[in-house]
$ cat upload10.txt   # compact mmCIF, C-alpha atoms
# COMPACT_ATOMS: atom_id res chain seq x y z
CA MET A 1 15.30 -19.34 32.72
CA LEU A 2 11.99 -20.52 34.16
CA SER A 3 9.15 -21.04 31.69
CA TRP A 4 5.71 -19.61 32.55
CA ILE A 5 2.78 -21.39 30.93
CA ASP A 6 -0.95 -20.86 30.54
CA ASP A 7 -3.68 -23.37 29.83
CA THR A 8 -3.00 -23.36 26.09
CA SER A 9 0.79 -23.69 26.10
CA PRO A 10 2.54 -27.09 26.42
CA LEU A 11 4.93 -27.93 29.18
CA PRO A 12 8.59 -27.65 28.19
CA PRO A 13 10.58 -30.91 28.09
CA ALA A 14 11.96 -32.08 31.42
CA SER A 15 15.50 -31.63 30.09
CA LEU A 16 14.97 -27.85 30.36
CA ALA A 17 14.46 -27.97 34.14
CA LEU A 18 16.50 -25.58 36.25
CA GLY A 19 19.90 -27.00 37.18
CA ALA A 20 21.61 -27.83 40.45
CA ASP A 21 23.25 -24.40 40.54
CA THR A 22 19.88 -22.64 40.95
CA ASP A 23 17.54 -22.09 43.91
CA ALA A 24 14.99 -24.56 42.50
CA PRO A 25 16.80 -27.47 40.83
CA GLY A 26 14.38 -29.61 38.85
CA LEU A 27 11.75 -26.89 38.35
CA VAL A 28 10.50 -27.05 34.77
CA ALA A 29 7.69 -24.47 34.61
CA ALA A 30 5.12 -22.49 36.56
CA GLY A 31 1.50 -21.58 35.88
CA GLY A 32 -1.55 -23.05 34.21
CA ARG A 33 -4.33 -25.02 35.85
CA VAL A 34 -4.07 -28.54 37.24
CA THR A 35 -6.49 -30.44 35.00
CA PRO A 36 -6.57 -34.12 34.00
CA ALA A 37 -5.32 -33.17 30.52
CA ARG A 38 -2.39 -31.20 31.96
CA LEU A 39 -1.58 -33.96 34.44
CA ALA A 40 -1.57 -36.57 31.66
CA GLU A 41 0.78 -34.42 29.61
CA ALA A 42 3.06 -33.83 32.59
CA TYR A 43 3.42 -37.44 33.68
CA ARG A 44 4.10 -38.63 30.15
CA LYS A 45 6.95 -36.10 30.09
CA GLY A 46 8.31 -37.21 33.47
CA ILE A 47 7.03 -34.06 35.18
CA PHE A 48 4.82 -33.72 38.28
CA PRO A 49 3.11 -30.80 40.10
CA TRP A 50 4.27 -29.77 43.56
CA TYR A 51 3.54 -26.44 45.21
CA GLY A 52 2.15 -24.92 48.36
CA PRO A 53 -0.70 -22.62 49.38
CA GLY A 54 -0.49 -19.21 47.74
CA GLN A 55 1.87 -20.41 45.01
CA PRO A 56 1.08 -20.91 41.31
CA PRO A 57 1.22 -24.51 40.05
CA LEU A 58 4.87 -25.54 39.88
CA TRP A 59 5.99 -28.39 37.61
CA TRP A 60 9.06 -30.45 38.51
CA SER A 61 11.40 -33.09 37.13
CA PRO A 62 14.34 -33.59 39.51
CA ASP A 63 17.65 -35.09 38.48
CA PRO A 64 18.34 -37.72 39.70
CA ARG A 65 14.91 -39.31 40.18
CA MET A 66 13.99 -41.66 43.01
CA VAL A 67 12.50 -44.91 41.69
CA LEU A 68 11.47 -48.27 43.10
CA PRO A 69 12.11 -51.33 40.91
CA VAL A 70 9.28 -53.50 42.22
CA ALA A 71 11.33 -56.70 41.93
CA GLN A 72 13.79 -55.15 44.42
CA PHE A 73 11.18 -54.26 47.04
CA LYS A 74 12.63 -55.07 50.46
CA LEU A 75 10.19 -57.12 52.50
CA SER A 76 11.56 -57.01 56.03
CA ARG A 77 11.02 -59.85 58.47
CA SER A 78 8.79 -57.69 60.65
CA LEU A 79 6.65 -56.50 57.72
CA LYS A 80 6.30 -60.08 56.49
CA LYS A 81 4.90 -61.07 59.91
CA THR A 82 2.52 -58.12 59.81
CA LEU A 83 1.33 -59.06 56.32
CA ARG A 84 0.73 -62.67 57.30
CA ARG A 85 -1.51 -61.56 60.17
CA PHE A 86 -3.26 -59.03 57.97
CA ILE A 87 -3.94 -61.46 55.11
CA ALA A 88 -5.20 -64.17 57.48
CA SER A 89 -7.52 -61.90 59.47
CA PRO A 90 -11.21 -61.73 58.48
CA HIS A 91 -11.26 -58.19 59.89
CA CYS A 92 -8.61 -56.86 57.48
CA GLU A 93 -8.86 -55.98 53.80
CA LEU A 94 -6.70 -54.53 51.08
CA ARG A 95 -8.83 -52.63 48.59
CA PHE A 96 -8.21 -50.62 45.43
CA ASP A 97 -10.25 -47.53 44.59
CA SER A 98 -12.83 -48.11 47.31
CA ASP A 99 -12.67 -44.51 48.57
CA PHE A 100 -10.17 -42.48 46.57
CA PRO A 101 -11.34 -39.05 47.83
CA ALA A 102 -10.85 -40.16 51.45
CA VAL A 103 -7.35 -41.44 50.65
CA ILE A 104 -6.14 -38.24 49.01
CA GLN A 105 -7.75 -36.16 51.75
CA ALA A 106 -5.88 -38.17 54.38
CA CYS A 107 -2.65 -37.83 52.39
CA ALA A 108 -3.19 -34.07 52.25
CA SER A 109 -3.27 -34.04 56.05
CA THR A 110 0.04 -35.93 56.27
CA PRO A 111 3.19 -33.82 55.68
CA ARG A 112 5.90 -35.30 53.48
CA GLU A 113 9.03 -36.55 55.18
CA GLY A 114 11.14 -33.59 56.33
CA GLN A 115 8.46 -30.99 55.49
CA ASP A 116 5.85 -29.01 57.38
CA GLY A 117 2.29 -28.64 56.18
CA THR A 118 0.61 -30.08 53.12
CA TRP A 119 1.62 -29.95 49.46
CA ILE A 120 -1.74 -31.29 48.26
CA VAL A 121 -3.56 -27.98 47.94
CA PRO A 122 -7.29 -27.98 47.04
CA GLU A 123 -6.75 -27.32 43.30
CA LEU A 124 -4.25 -30.16 43.10
CA MET A 125 -6.54 -32.51 45.02
CA GLN A 126 -9.46 -31.76 42.70
CA GLY A 127 -7.29 -32.35 39.65
CA TYR A 128 -6.36 -35.83 40.84
CA ILE A 129 -9.94 -36.64 41.87
CA ASP A 130 -11.16 -35.67 38.41
CA TRP A 131 -8.39 -37.75 36.83
CA HIS A 132 -9.30 -40.68 39.08
CA ARG A 133 -12.83 -40.56 37.70
CA MET A 134 -11.29 -40.94 34.25
CA GLY A 135 -9.49 -44.12 35.38
CA GLN A 136 -5.80 -43.14 35.53
CA VAL A 137 -5.32 -42.42 39.23
CA HIS A 138 -5.89 -45.15 41.79
CA SER A 139 -5.70 -45.81 45.49
CA ALA A 140 -4.45 -48.82 47.45
CA GLU A 141 -6.21 -48.94 50.80
CA THR A 142 -5.78 -50.69 54.14
CA TRP A 143 -9.09 -51.40 55.89
CA VAL A 144 -9.54 -52.83 59.40
CA ASP A 145 -12.97 -53.55 60.87
CA GLY A 146 -14.59 -51.61 58.05
CA GLN A 147 -12.48 -48.49 58.62
CA LEU A 148 -9.90 -46.94 56.28
CA VAL A 149 -6.69 -46.83 58.33
CA GLY A 150 -3.97 -46.32 55.72
CA GLY A 151 -3.26 -46.12 52.03
CA LEU A 152 -1.62 -44.43 49.09
CA TYR A 153 -2.55 -43.14 45.68
CA PHE A 154 -0.74 -43.52 42.37
CA VAL A 155 -0.90 -42.63 38.71
CA ASN A 156 -0.95 -45.40 36.10
CA ILE A 157 -0.16 -44.74 32.44
CA GLY A 158 0.51 -47.82 30.33
CA ARG A 159 2.89 -50.07 32.29
CA MET A 160 4.29 -47.14 34.25
CA CYS A 161 3.22 -46.20 37.77
CA PHE A 162 3.96 -43.01 39.67
CA GLY A 163 3.63 -43.18 43.45
CA GLU A 164 2.29 -39.98 44.97
CA SER A 165 1.62 -39.96 48.72
CA MET A 166 0.85 -42.28 51.65
CA PHE A 167 -0.85 -41.98 55.02
CA ALA A 168 -1.33 -44.19 58.07
CA HIS A 169 -3.74 -43.93 60.99
CA ARG A 170 -2.42 -47.17 62.48
CA THR A 171 1.06 -48.64 62.75
CA ASP A 172 2.24 -50.16 59.44
CA ALA A 173 -1.04 -49.37 57.66
CA SER A 174 0.71 -47.46 54.87
CA LYS A 175 3.39 -50.16 54.56
CA ILE A 176 0.68 -52.79 54.10
CA ALA A 177 -0.91 -50.72 51.34
CA LEU A 178 2.48 -50.18 49.69
CA ALA A 179 3.30 -53.90 49.82
CA GLY A 180 -0.09 -54.70 48.30
CA PHE A 181 0.48 -52.11 45.59
CA VAL A 182 3.91 -53.57 44.79
CA ALA A 183 2.41 -57.06 44.56
CA ALA A 184 -0.26 -55.73 42.21
CA CYS A 185 2.43 -54.10 40.05
CA LEU A 186 4.32 -57.39 39.85
CA ALA A 187 1.12 -59.14 38.77
CA ARG A 188 0.48 -56.54 36.06
CA GLY A 189 3.92 -56.28 34.52
CA VAL A 190 4.79 -52.88 36.00
CA ALA A 191 8.55 -52.93 36.57
CA LEU A 192 9.24 -49.49 37.99
CA VAL A 193 7.43 -47.07 40.29
CA ASP A 194 8.38 -43.40 40.30
CA CYS A 195 8.93 -42.12 43.84
CA GLN A 196 9.91 -38.58 42.78
CA GLN A 197 12.26 -37.59 45.61
CA ASN A 198 14.83 -39.34 47.77
CA THR A 199 13.83 -40.13 51.34
CA GLN A 200 15.37 -42.46 53.90
CA HIS A 201 12.11 -44.37 54.19
CA LEU A 202 11.92 -45.08 50.46
CA ALA A 203 15.57 -46.11 50.36
CA SER A 204 14.95 -48.61 53.16
CA LEU A 205 12.29 -50.26 50.99
CA GLY A 206 14.57 -50.73 47.98
CA ALA A 207 14.19 -47.44 46.11
CA HIS A 208 17.24 -45.76 44.61
CA GLU A 209 18.16 -42.78 42.47
CA MET A 210 18.22 -42.93 38.67
CA PRO A 211 19.59 -40.32 36.25
CA ARG A 212 16.74 -38.28 34.80
CA CYS A 213 17.65 -39.12 31.22
CA GLN A 214 17.41 -42.84 31.99
CA PHE A 215 14.13 -42.31 33.86
CA LEU A 216 12.63 -40.41 30.94
CA ASP A 217 13.59 -43.21 28.55
CA HIS A 218 11.83 -45.72 30.80
CA VAL A 219 8.71 -43.54 31.04
CA ALA A 220 8.58 -43.17 27.26
CA SER A 221 8.79 -46.91 26.65
CA SER A 222 6.54 -48.03 29.52
CA SER A 223 3.78 -45.43 29.21
CA GLY A 224 3.17 -46.48 25.62
CA ALA A 225 2.50 -50.10 26.59
CA VAL A 226 -0.99 -51.53 27.08
CA ALA A 227 -2.26 -50.52 30.51
CA PRO A 228 -3.67 -52.99 33.05
CA THR A 229 -7.41 -53.36 32.57
CA ASP A 230 -8.15 -52.86 36.27
CA TRP A 231 -6.63 -52.79 39.75
CA THR A 232 -9.02 -55.21 41.43
CA TYR A 233 -7.55 -56.82 44.54
CA ASP A 234 -6.29 -60.37 44.00
CA GLU A 235 -5.10 -62.17 47.12
CA THR A 236 -2.87 -64.54 45.15
CA ALA A 237 -0.66 -61.60 44.11
CA TRP A 238 0.87 -61.65 47.60
CA ARG A 239 2.78 -64.78 46.56
CA LEU A 240 4.79 -62.64 44.13
CA LEU A 241 6.28 -60.81 47.11
CA SER A 242 6.93 -64.00 49.03
CA PRO A 243 5.43 -67.47 48.41
CA ASP A 244 4.88 -68.08 52.11
CA LEU A 245 2.65 -65.03 52.72
CA ILE A 246 -0.42 -67.12 51.88
CA PRO A 247 -0.93 -70.54 53.52
CA PRO A 248 -0.97 -73.40 50.97
CA ALA A 249 -4.64 -74.12 51.62
CA ALA A 250 -5.55 -70.53 50.71
CA ALA A 251 -3.28 -70.18 47.68

$ encode --input "upload10.txt" --output "structure tokens"
Amino acid sequence: MLSWIDDTSPLPPASLALGADTDAPGLVAAGGRVTPARLAEAYRKGIFPWYGPGQPPLWWSPDPRMVLPVAQFKLSRSLKKTLRRFIASPHCELRFDSDFPAVIQACASTPREGQDGTWIVPELMQGYIDWHRMGQVHSAETWVDGQLVGGLYFVNIGRMCFGESMFAHRTDASKIALAGFVAACLARGVALVDCQQNTQHLASLGAHEMPRCQFLDHVASSSGAVAPTDWTYDETAWRLLSPDLIPPAAA
């Protein structure tokens, strides 16, 4: 049976999510407001919000869970060439948290794979913006000639990261941001990124499904670790993806 919550009641554990034999497998609860405090509680429990216009906040924890072990990130030959050009160009930059509101707004305008319309409704967007101001939601951004052309945003609790959404206004702009984010995770001791749901695109990059019970164990152990102090861009982190991304003279 679905649990309905208000602002004072805690979220149920993810293990109580509706099963595969229901119309909404993975749905844990409905209701309440999307605040930084509620988001922090949800992510620590392996739960995330996802709902559309006109719906109450819906809280999910699917089983299995799509995850990306950052050490298994698949750097294709074509993306490696793109990254080399990007890193070497004085007109291109990878930034973190330079314009978070613009990133989430662009993501809200980009439908998820296989879906129509946005899932980032205004209340949800404001909740993440407020949480960003508190330092636990970040953006990785692709800039070209001083313009934001692609990016993603993610939640960071301890040594655990939760990828949320990406957008691209130019070819490969979101892939560049994702590769930079993965390199930053490698540099900061983050081993696993939550991708929430299975898509062909994520699978092509090295993501795979993990049983929810195993995922929850990883979240519990990783979220309690000491968090990275910041997500400042460091060009040398590219070498963790591939040593030859940066010319020796620049390394």

$ closest_residue --input "upload10.txt" --among "A:Phe162, A:Phe215, A:Trp131, A:Trp4" --to "Arg65 (chain A)" --atoms "all atoms listed in the file"
A:Phe215

$ closest_residue --input "upload10.txt" --among "A:Ala106, A:Met210, A:Ala183, A:Leu39" --to "His169 (chain A)" --atoms "only C-alpha atoms"
A:Ala106

$ closest_residue --input "upload10.txt" --among "A:Ala179, A:Cys185, A:Leu16, A:Leu192" --to "Arg84 (chain A)" --atoms "all atoms listed in the file"
A:Ala179

$ residues_near_point --input "upload10.txt" --point "(1.7, -20.0, 33.4)" --cutoff "6 Å" --atoms "all atoms listed in the file" --output "short mmCIF file (atom, residue, chain, number, x, y, z; two decimals) with C-alpha atoms, in the coordinates of the input"
data_model
loop_
_atom_site.label_atom_id
_atom_site.label_comp_id
_atom_site.auth_asym_id
_atom_site.auth_seq_id
_atom_site.Cartn_x
_atom_site.Cartn_y
_atom_site.Cartn_z
CA TRP A 4 5.71 -19.61 32.55
CA ILE A 5 2.78 -21.39 30.93
CA ASP A 6 -0.95 -20.86 30.54
CA ALA A 30 5.12 -22.49 36.56
CA GLY A 31 1.50 -21.58 35.88
CA GLY A 32 -1.55 -23.05 34.21
#

$ atom_distance --input "upload10.txt" --atom1 "CA of Cys161 (chain A)" --atom2 "CA of Arg239 (chain A)"
20.6 Å

$ closest_residue --input "upload10.txt" --among "A:Val121, A:Ala88, A:Ala203, A:Val226" --to "Ile157 (chain A)" --atoms "only C-alpha atoms"
A:Val226

$ atom_distance --input "upload10.txt" --atom1 "CA of Val190 (chain A)" --atom2 "CA of Ser61 (chain A)"
20.9 Å

$ residues_around --input "upload10.txt" --residues "Gly146 (chain A)" --least-positions-apart "6" --cutoff "10 Å" --atoms "all atoms listed in the file" --output "PDB file with C-alpha atoms, in the coordinates of the input"
ATOM      1  CA  HIS A  91     -11.260 -58.190  59.890  1.00  0.00           C
ATOM      2  CA  CYS A  92      -8.610 -56.860  57.480  1.00  0.00           C
ATOM      3  CA  GLU A  93      -8.860 -55.980  53.800  1.00  0.00           C
TER       4      GLU A  93
END

$ residues_near_point --input "upload10.txt" --point "(8.2, -55.4, 41.4)" --cutoff "6 Å" --atoms "all atoms listed in the file" --output "list in words"
Pro69, Val70, Ala71, Val182, Leu186 and Ala191 of chain A

$ atom_distance --input "upload10.txt" --atom1 "CA of Gln147 (chain A)" --atom2 "CA of Cys107 (chain A)"
15.8 Å
